[in-house]
$ cat input.csv   # CSV, C-alpha atoms and all ligand atoms
chain,number,residue,atom,x,y,z
N,1,MET,CA,50.0,-98.4,55.3
N,2,ASN,CA,48.8,-96.0,52.7
N,3,SER,CA,50.0,-98.1,49.7
N,4,VAL,CA,51.3,-101.5,49.0
N,5,GLN,CA,53.0,-103.2,46.0
N,6,ILE,CA,52.1,-106.7,45.0
N,7,GLU,CA,54.2,-108.1,42.2
N,8,ASP,CA,53.9,-105.7,39.3
N,9,LYS,CA,51.0,-103.7,40.7
N,10,ASN,CA,50.7,-100.7,43.1
N,11,PHE,CA,47.7,-100.4,45.3
N,12,GLU,CA,46.5,-97.5,47.5
N,13,LEU,CA,44.5,-97.5,50.6
N,14,PHE,CA,40.8,-97.6,49.8
N,15,LEU,CA,38.7,-98.9,52.8
N,16,GLU,CA,40.0,-99.1,56.3
N,17,ASN,CA,39.4,-102.0,58.5
N,18,ASP,CA,37.4,-99.7,60.9
N,19,GLN,CA,35.0,-98.6,58.2
N,20,ILE,CA,34.5,-102.2,57.1
N,21,ASN,CA,33.8,-103.3,60.7
N,22,LYS,CA,31.3,-100.5,61.3
N,23,ARG,CA,29.4,-101.5,58.1
N,24,THR,CA,29.6,-105.2,59.0
N,25,ARG,CA,28.1,-104.5,62.4
N,26,LEU,CA,25.1,-102.8,60.7
N,27,ILE,CA,24.6,-105.6,58.3
N,28,GLY,CA,24.7,-108.1,61.2
N,29,ILE,CA,22.0,-106.1,63.1
N,30,GLN,CA,19.9,-106.2,60.0
N,31,LEU,CA,20.3,-109.9,59.6
N,32,ASN,CA,19.5,-110.6,63.2
N,33,VAL,CA,16.2,-108.8,62.7
N,34,ASP,CA,15.3,-110.2,59.3
N,35,TYR,CA,16.1,-113.8,60.2
N,36,GLU,CA,14.9,-114.0,63.8
N,37,ASP,CA,13.4,-117.5,64.4
N,38,ARG,CA,14.3,-118.7,60.9
N,39,CYS,CA,17.6,-120.5,61.6
N,40,PRO,CA,19.1,-119.6,58.2
N,41,ILE,CA,22.0,-121.5,56.6
N,42,ILE,CA,24.7,-119.0,56.0
N,43,ILE,CA,27.0,-120.0,53.1
N,44,GLY,CA,30.4,-118.3,52.6
N,45,VAL,CA,31.7,-118.3,49.0
N,46,LEU,CA,35.4,-119.1,49.2
N,47,ASN,CA,38.2,-118.1,48.9
N,48,GLY,CA,37.6,-114.4,49.1
N,49,SER,CA,34.8,-114.3,51.7
N,50,PHE,CA,36.6,-115.9,54.6
N,51,VAL,CA,37.6,-112.8,56.4
N,52,PHE,CA,34.3,-111.0,55.9
N,53,MET,CA,32.4,-114.1,56.8
N,54,ALA,CA,34.3,-114.5,60.1
N,55,ASP,CA,33.7,-110.9,61.1
N,56,LEU,CA,30.1,-110.9,60.0
N,57,LEU,CA,29.3,-114.1,62.0
N,58,LYS,CA,30.6,-112.5,65.1
N,59,GLU,CA,27.7,-110.0,64.8
N,60,ILE,CA,25.1,-112.7,64.2
N,61,GLU,CA,23.3,-113.5,67.4
N,62,ILE,CA,20.4,-115.6,66.0
N,63,SER,CA,20.5,-119.4,65.7
N,64,CYS,CA,22.1,-120.3,62.3
N,65,GLU,CA,24.0,-123.0,60.4
N,66,ILE,CA,27.3,-122.2,58.6
N,67,ALA,CA,28.7,-123.7,55.5
N,68,PHE,CA,31.3,-122.8,52.8
N,69,ILE,CA,31.4,-123.4,49.1
N,70,ARG,CA,34.3,-122.9,46.8
N,71,VAL,CA,34.1,-121.4,43.4
N,72,SER,CA,36.9,-120.5,41.1
N,73,SER,CA,36.7,-118.3,38.0
N,74,TYR,CA,39.2,-115.6,38.3
N,75,LYS,CA,42.6,-115.2,36.7
N,76,ASP,CA,44.8,-112.2,36.9
N,77,THR,CA,42.7,-109.0,37.3
N,78,GLU,CA,40.0,-109.6,34.8
N,79,SER,CA,37.0,-111.9,35.1
N,80,THR,CA,37.2,-114.8,32.6
N,81,GLY,CA,33.5,-115.1,32.8
N,82,ILE,CA,34.0,-118.9,32.9
N,83,ILE,CA,32.9,-120.5,36.1
N,84,LYS,CA,35.1,-123.6,36.6
N,85,GLU,CA,33.2,-125.3,39.4
N,86,ALA,CA,31.6,-125.0,42.8
N,87,PHE,CA,32.6,-127.4,45.5
N,88,GLY,CA,30.8,-128.5,48.5
N,89,LEU,CA,27.3,-127.0,48.3
N,90,PRO,CA,25.4,-128.6,51.2
N,91,ASP,CA,22.5,-130.9,50.1
N,92,ASN,CA,20.1,-129.9,52.9
N,93,LEU,CA,18.9,-126.5,51.5
N,94,HIS,CA,15.3,-127.6,50.8
N,95,ASN,CA,12.8,-125.4,52.6
N,96,ARG,CA,15.5,-123.5,54.4
N,97,ASP,CA,16.4,-119.8,54.3
N,98,ILE,CA,19.8,-119.4,52.6
N,99,ILE,CA,22.1,-116.4,52.9
N,100,LEU,CA,25.1,-116.5,50.5
N,101,VAL,CA,28.0,-114.4,51.7
N,102,GLU,CA,30.3,-113.0,49.0
N,103,ASP,CA,33.4,-110.8,49.2
N,104,ILE,CA,32.7,-109.0,45.9
N,105,VAL,CA,30.2,-109.0,43.1
N,106,ASP,CA,31.7,-107.8,39.8
N,107,THR,CA,30.0,-109.1,36.7
N,108,GLY,CA,27.6,-111.2,38.8
N,109,LEU,CA,28.4,-114.3,36.7
N,110,THR,CA,29.7,-116.3,39.7
N,111,LEU,CA,26.7,-115.4,41.7
N,112,LYS,CA,24.3,-116.3,38.9
N,113,TYR,CA,26.0,-119.7,38.7
N,114,ILE,CA,25.8,-120.3,42.4
N,115,LEU,CA,22.2,-119.1,42.6
N,116,GLU,CA,21.2,-121.6,39.9
N,117,LYS,CA,22.8,-124.5,41.9
N,118,VAL,CA,21.1,-123.4,45.1
N,119,ARG,CA,17.6,-123.0,43.5
N,120,LEU,CA,17.8,-126.6,42.3
N,121,GLN,CA,17.3,-127.7,45.9
N,122,ALA,CA,14.1,-125.5,46.3
N,123,PRO,CA,15.1,-123.5,49.4
N,124,ALA,CA,12.4,-121.4,51.2
N,125,SER,CA,14.4,-118.3,50.3
N,126,VAL,CA,17.8,-117.1,49.1
N,127,LYS,CA,19.4,-113.8,49.7
N,128,VAL,CA,22.9,-112.6,49.0
N,129,CYS,CA,25.1,-110.5,51.3
N,130,SER,CA,28.2,-109.1,49.6
N,131,LEU,CA,30.8,-106.9,51.2
N,132,LEU,CA,31.5,-105.1,47.9
N,133,LEU,CA,29.6,-104.5,44.7
N,134,LYS,CA,30.8,-103.0,41.5
N,135,PRO,CA,27.5,-101.7,40.1
N,136,ASP,CA,29.1,-100.6,36.8
N,137,ALA,CA,30.4,-104.0,36.1
N,138,LEU,CA,27.2,-105.9,36.9
N,139,LEU,CA,25.9,-107.5,33.7
N,140,ALA,CA,22.3,-108.1,34.9
N,141,PRO,CA,20.4,-107.1,38.1
N,142,VAL,CA,20.5,-109.7,40.9
N,143,PRO,CA,17.3,-109.4,42.8
N,144,GLU,CA,18.6,-111.6,45.6
N,145,LEU,CA,21.4,-109.1,46.3
N,146,GLU,CA,19.9,-107.6,49.4
N,147,TYR,CA,22.8,-106.8,51.8
N,148,ILE,CA,25.6,-104.8,50.4
N,149,GLY,CA,28.6,-103.4,52.4
N,150,PHE,CA,29.9,-100.9,49.9
N,151,GLU,CA,29.3,-100.0,46.3
N,152,ILE,CA,32.7,-99.3,44.7
N,153,PRO,CA,34.0,-98.1,41.3
N,154,ASN,CA,35.1,-100.5,38.6
N,155,GLU,CA,38.6,-100.9,39.9
N,156,PHE,CA,40.6,-103.9,41.1
N,157,VAL,CA,40.8,-104.3,44.9
N,158,VAL,CA,42.9,-106.4,47.2
N,159,GLY,CA,43.0,-107.1,50.9
N,160,TYR,CA,40.6,-108.3,53.6
N,161,GLY,CA,40.3,-111.7,51.9
N,162,LEU,CA,40.7,-110.5,48.3
N,163,ASP,CA,43.8,-111.5,46.4
N,164,TYR,CA,45.9,-110.5,43.5
N,165,ASN,CA,47.5,-113.6,42.0
N,166,GLY,CA,47.0,-115.4,45.3
N,167,LEU,CA,48.6,-112.6,47.3
N,168,GLY,CA,47.3,-109.9,49.6
N,169,ARG,CA,44.4,-111.7,51.2
N,170,ASN,CA,46.0,-111.1,54.6
N,171,LEU,CA,46.0,-107.4,54.4
N,172,LYS,CA,43.8,-105.9,57.1
N,173,ASP,CA,42.4,-103.0,54.9
N,174,ILE,CA,41.2,-102.9,51.3
N,175,TYR,CA,43.5,-101.4,48.7
N,176,SER,CA,42.6,-100.3,45.1
N,177,ALA,CA,44.9,-100.7,42.1
N,178,VAL,CA,46.6,-97.6,40.9
N,179,ASN,CA,46.4,-97.4,37.1
B,201,LIG,P1,32.1,-112.0,39.0
B,201,LIG,O1,31.7,-113.4,38.6
B,201,LIG,O2,31.0,-111.2,39.8
B,201,LIG,O3,32.6,-111.2,37.9
B,201,LIG,O4,33.3,-112.1,39.9
B,201,LIG,C1,33.2,-112.5,41.2
B,201,LIG,C2,34.6,-113.0,41.7
B,201,LIG,O5,35.7,-112.4,41.0
B,201,LIG,C3,34.8,-112.6,43.2
B,201,LIG,O6,34.2,-113.5,44.0
B,201,LIG,C4,36.3,-112.4,43.3
B,201,LIG,O7,36.8,-113.6,43.5
B,201,LIG,C5,36.7,-111.9,41.9
B,201,LIG,N1,36.8,-110.5,41.8
B,201,LIG,C6,36.0,-109.6,41.2
B,201,LIG,N2,36.4,-108.3,41.3
B,201,LIG,C7,37.6,-108.4,42.0
B,201,LIG,C8,38.5,-107.4,42.5
B,201,LIG,O8,38.4,-106.2,42.3
B,201,LIG,N3,39.5,-107.9,43.3
B,201,LIG,C9,39.7,-109.2,43.5
B,201,LIG,N4,40.7,-109.5,44.3
B,201,LIG,N5,38.9,-110.2,43.1
B,201,LIG,C10,37.8,-109.8,42.3
$ encode --input "input.csv" --output "C-alpha cells"
Amino acid sequence: MNSVQIEDKNFELFLENDQINKRTRLIGIQLNVDYEDRCPIIIGVLNGSFVFMADLLKEIEISCEIAFIRVSSYKDTESTGIIKEAFGLPDNLHNRDIILVEDIVDTGLTLKYILEKVRLQAPASVKVCSLLLKPDALLAPVPELEYIGFEIPNEFVVGYGLDYNGLGRNLKDIYSAVN
C-alpha cells in the first residue's frame, strides 16, 4: 500500500517493513556485542513499542530479562507535554543494566520522565533504544539515547505499532501524514 487514510488524515508510505527489519537486525547485533555477559533488563515502553520490541528481541541472542511499562501522554497528533503516568516499572533495577525500548522520541519529555523514575533505583547503567527519533523536535539532548533506528523529519507517523487516535498500529509499514 502506498497510502492509507485513517479517519480525517491521509498518510503516505514512509518506511517499508523490510527497511525496518534490516535496521533492527543491525541494532540487535550491536546490543549482542555491547551487552554480552551483562544480562540486561530490556524494558519496552508501551503501547507503541510492542511491534519493534518483538522484532528486536528476535535478534537478541544474549541472556536478558524482559519487562514492559506503560506511559500515556499523547492526544491527537501533538504532544501535550504532560506525562500522565507510568505503570509497571519493575522494582529490581538496582545495579542492573537497563535498556529502554521506545517506538519514537519526539520532544523527549516522555523519556525524560521515565529516565528519572528508572534512576531512582540506581541501576548500573541505562541506555535507550528508539526505532525513530525526530531530532528537530527534541527539546534537550538525551545522552542515554544510544541506539537509534532512523532519524526522521518532524512529521506525524503511523504504523508498525504507532497509532493515530488508537488506529493504525497494525500496519506493517510506517506511513507519514500528508499535510
Ligand atoms: P515525546 O514525549 O518524546 O514528545 O513523545 C513520545 C511519545 O509520543 C511516543 O512514545 C509516541 O507515543 C508519541 N509520538 C510522538 N511522535 C509521534 C508520531 O509521529 N506518531 C505517533 N503515532 N506517535 C507519536
$ closest_residue --input "input.csv" --among "N:Gly28, N:Gly168, N:Gly44, N:Pro90" --to "N:Gln121" --atoms "only C-alpha atoms"
N:Pro90
$ residues_around --input "input.csv" --residues "N:Glu85" --least-positions-apart "6" --cutoff "12 Å" --atoms "all atoms listed in the file" --output "VMD selection string"
chain N and resid 45 to 46 69 to 74 110 113 to 114 117
$ closest_residue --input "input.csv" --among "N:Leu57, N:Ala122, N:Ile62, N:Val157" --to "ligand LIG 201 (chain B)" --atoms "all atoms listed in the file"
N:Val157
$ residues_around --input "input.csv" --residues "N:Leu31" --least-positions-apart "6" --cutoff "12 Å" --atoms "all atoms listed in the file" --output "NGL selection string"
:N and (24-25 or 37-40 or 42 or 56-64 or 97-99 or 101 or 127-129 or 146-148)
$ atom_distance --input "input.csv" --atom1 "atom P1 of ligand LIG 201 (chain B)" --atom2 "atom CA of N:Leu89"
18.3 Å
$ residues_near_ligand --input "input.csv" --ligand "ligand LIG 201 (chain B)" --cutoff "6 Å" --atoms "all atoms listed in the file" --output "ChimeraX atom specification"
/N:48,74,79,103-110,155-158,162-164
$ atom_distance --input "input.csv" --atom1 "atom CA of N:Glu7" --atom2 "atom CA of N:Ile174"
16.7 Å
$ atom_distance --input "input.csv" --atom1 "atom CA of N:Val4" --atom2 "atom CA of N:Leu138"
27.3 Å
